[in-house]
Amino acid sequence: MSDTNLMLPESWAWVIFFLPLISAVVITLFTRNQPQLSGWISIAAVSGSFLLSWLFFGLLQQTDVVQVPAITWLSVDGLSVELGLLFDRMSLLMLLVVTGVGTLIHIFSAGYMKDDPSYSRYFASLSLFVFSMLGIVLANNLFMMFIFWELVGVSSYLLIGFWFGKASAADACKKAFLTNRVGDFGFLLGIIILWTLAGSVQLDHLEQRLVASPAMLGTAAGLVGLLIFMGAMGKSAQFPLHVWLPDAMEGPTPVSALIHAATMVAAGVYMLCRVFFIYQVTPGWPACLAFLGNISALDIIAWIGGFTALIAALMAIQQNDIKRILAYSTLSQLGYMVMSVGLAGTTAAMYHLTTHAFFKAMLFLGAGSVIYAAHHEQDIWKMGGLKEKLPTTFKTFVIGTLALCGLPPLSGFFSKDEILATAFNQNKFLFVLAVLVATMTTFYMFRLVIVAFFGRARSDSAEHAHESPRIMTVPLIVLAVPTILAGFFGLDAFLNPAAHVSANIFDHLFAPFNHSPFAAVFGLGAVLLGGTLAVSLYWQAQRDPLPEKMQCLAQIMRDRFYLDEIYTALIAVTQGALSFLADAADRYLISGFVVRGVQGTTDIMGRALRLVQTGNLQNYAFVLAISVAIILLFVFRN
């Protein structure tokens with residue numbers, strides 16, 4: 001490989017990275033009053049990053065890693081923090097997903113947001129968000145990753161609360177921001193402990209040192225793993241930090257597609273896969289966590305992922321808002337991915353992350369098309385009969401639904417099968433849980449499609465719905481292509497070149513049944529069972545029959561197991577106690593003892609001195625004589 005071939009892509013690496021930031025700055029400073037121009041600048045920036053990313057795809061066919069020369073940002077007594085870009089197979093795949101799906105979401109936004117008075121602000125925030133995500137994806141060290149991790153939090157705050165005039169939107173962005181700070185605090189502690197013990201934050205240096213000395217972290221190994229995972233719990237919305245994600249629906253629908261498909265929520269899974277070498281060290285727990293015994297950090301991660309997948313699927317079954325159903329679906333699929341990481345299936349997790357980005361982005365944009373066409377109605381029980389009125393949206397939405405359910409030969413079948421096969425080989429209990437979640441996924445997604453698109457219109461908005469403009473339907477059609485074909489792209493082979501993948505299309509189609517027939521059969525059975533149950537219950541139904549059949553359980557699922565109410569009560573109690581202590585400390589200790597104590601002492605001394613300062617010459621002469629007498633007494637006594 002010649003130096004010329006190397007230098008061209010490396011010289012463009014920073015352009016890929018900074019294009020969205022330049023877009024955000026230009027829109028904010030110069031084109032705020034030119035909304036159409038702002039939109040095209042933002043679209044051009046993310047499109048440019050996507051096209052330039054393909055330069056590195058060709059380069060990585062010849063080498064596995066491309067390190068772009070770093071810029072030293074901070075150097076303090078043994079700690080050197082750089083801004084450096086790392087291109088390898090994992091980061092390149094994520095880069096293509098973020099910029100590719102992001103480009104289509106930008107184009108869709110141009111139609112969806114065309115009448116919004118804050119059009120320019122929307123695209124400036126969108127560009128900032130993409131720049132922040134690129135920082136996470138391409139970071140070659142943990143401190144740089146954390147900086148952009150926080151910047152993603154800021155930009156998501158701006159987007160979720162874009163319509164901040166609505167109280168629900170303002171509350172949702174605060175909830176997302178504060179919940180993520182809890183996870184990020186643990187993430188930062190994990191980075192600091194890791195740097196203290198390993199002496200570096202560079203990803204390649206850390207991996208080399210931990211491979212060479214697996215016992216380097218000692219008894220802190222498990223704690224470091226869990227603290228790092230806390231960051232993923234926040235960004236990828238894992239239990240118990242999952243509560244922010246459904247409320248993020250308050251932002252514009254394209255924002256939901258961007259956050260829930262290819263970017264923010266995927267960042268946690270990507271980060272775990274990127275630093276997976278931390279979880280391969282000699283296990284150990286500090287004394288305070290010794291009760292965990294032989295349980296590893298990966299075991300805890302796997303079970304949290306599995307539980308999140310289950311509880312989110314249960315919640316989705318009784319939601320009626322089309323965007324919230326998809327939000328809980330995202331939570332459930334993220335649980336799948338995290339469970340796979342916990343079971344040491346990082347390739348399966350990244351594979352499903354990639355295919356999920358395609359069909360979930362298409363589903364969210366499809367939901368946006370439905371909402372736009374139905375005059376911003378989001379309740380599926382006020383829709384119905386949209387199949388004929390929105391033919392393109394309907395067809396793409398059904399394709400996305402079938403891919404999410406895991407029906408062959410769509411992409412979701414292959415990636416979900418990888419996770420099921422991993423669970424079957426590693427943990428039979430989690431495999432059973434995963435199959436159960438797959439059944440529920442098919443059930444609630446078929447419920448959504450049947451109620452929203454079939455039957456008769458249940459409201460005027462559904463009766464007068466019409467297909468969305470081409471600027472919104474074309475991205476749906478484009479996303480349908482990888483949704484259908486990504487299973488044949490060889491993404492698993494790209495991530496793991498050592499794996500053998502047959503070039504024969506029929507061999508590849510039946511590969512899941514060959515390498516793990518039990519997992520593939522049960523996965524397909526889950527689709528058939530869930531679909532059959534949904535059709536039998538909801539075909540031609542005018543209202544949801546489950547509340548009558550399940551009584552209070554249906555109410556509990558609709559109310560999200562009252563977790564938000566429990567958190568609200570806990571926060572009220574703890575916040576009330578802390579407020580009382582803070583008030584007592586301020587009122588009695590600081591203000592009463594310190595401030596007023598000093599004030600009182602000074603006041604008493606001032607009053608005493610004022611008795612002496614009378615202005616009478618005889619008094620002053622008397623005090624002078626007494627003072628001289630006292631001084632002479634001390635002198636002669638000594």
# chains A, B, ... in the order shown; residues from 1 in each chain; ligands from 1
call {"tool": "residues_around", "arguments": {"residues": "A:Met90", "least_positions_apart": "6", "cutoff": "9 Å", "atoms": "only C-alpha atoms", "output": "list of chain:residue names"}}
result
A:Val137, A:Tyr270, A:Cys273, A:Arg274, A:Met350, A:Phe494, A:Leu495
call {"tool": "residues_around", "arguments": {"residues": "A:Gly400", "least_positions_apart": "3", "cutoff": "9 Å", "atoms": "only C-alpha atoms", "output": "number ranges by chain"}}
result
A: 358-363, 395-397, 403-405, 410, 412, 480, 483-484
call {"tool": "closest_residue", "arguments": {"among": "A:Ala13, A:Gln613, A:Ala526, A:Ile301", "to": "A:Leu436", "atoms": "only C-alpha atoms"}}
result
A:Ala526
call {"tool": "closest_residue", "arguments": {"among": "A:Ala327, A:Val66, A:Ala221, A:Met145", "to": "A:Leu298", "atoms": "only C-alpha atoms"}}
result
A:Ala221
call {"tool": "closest_residue", "arguments": {"among": "A:Leu226, A:Ala302, A:Leu92, A:Ile43", "to": "A:Val65", "atoms": "only C-alpha atoms"}}
result
A:Leu92
call {"tool": "residues_around", "arguments": {"residues": "A:Trp14", "least_positions_apart": "2", "cutoff": "12 Å", "atoms": "only C-alpha atoms", "output": "ChimeraX atom specification"}}
result
/A:8-12,16-22,49,52-53,67-71,83-87,131,134-135,138-139
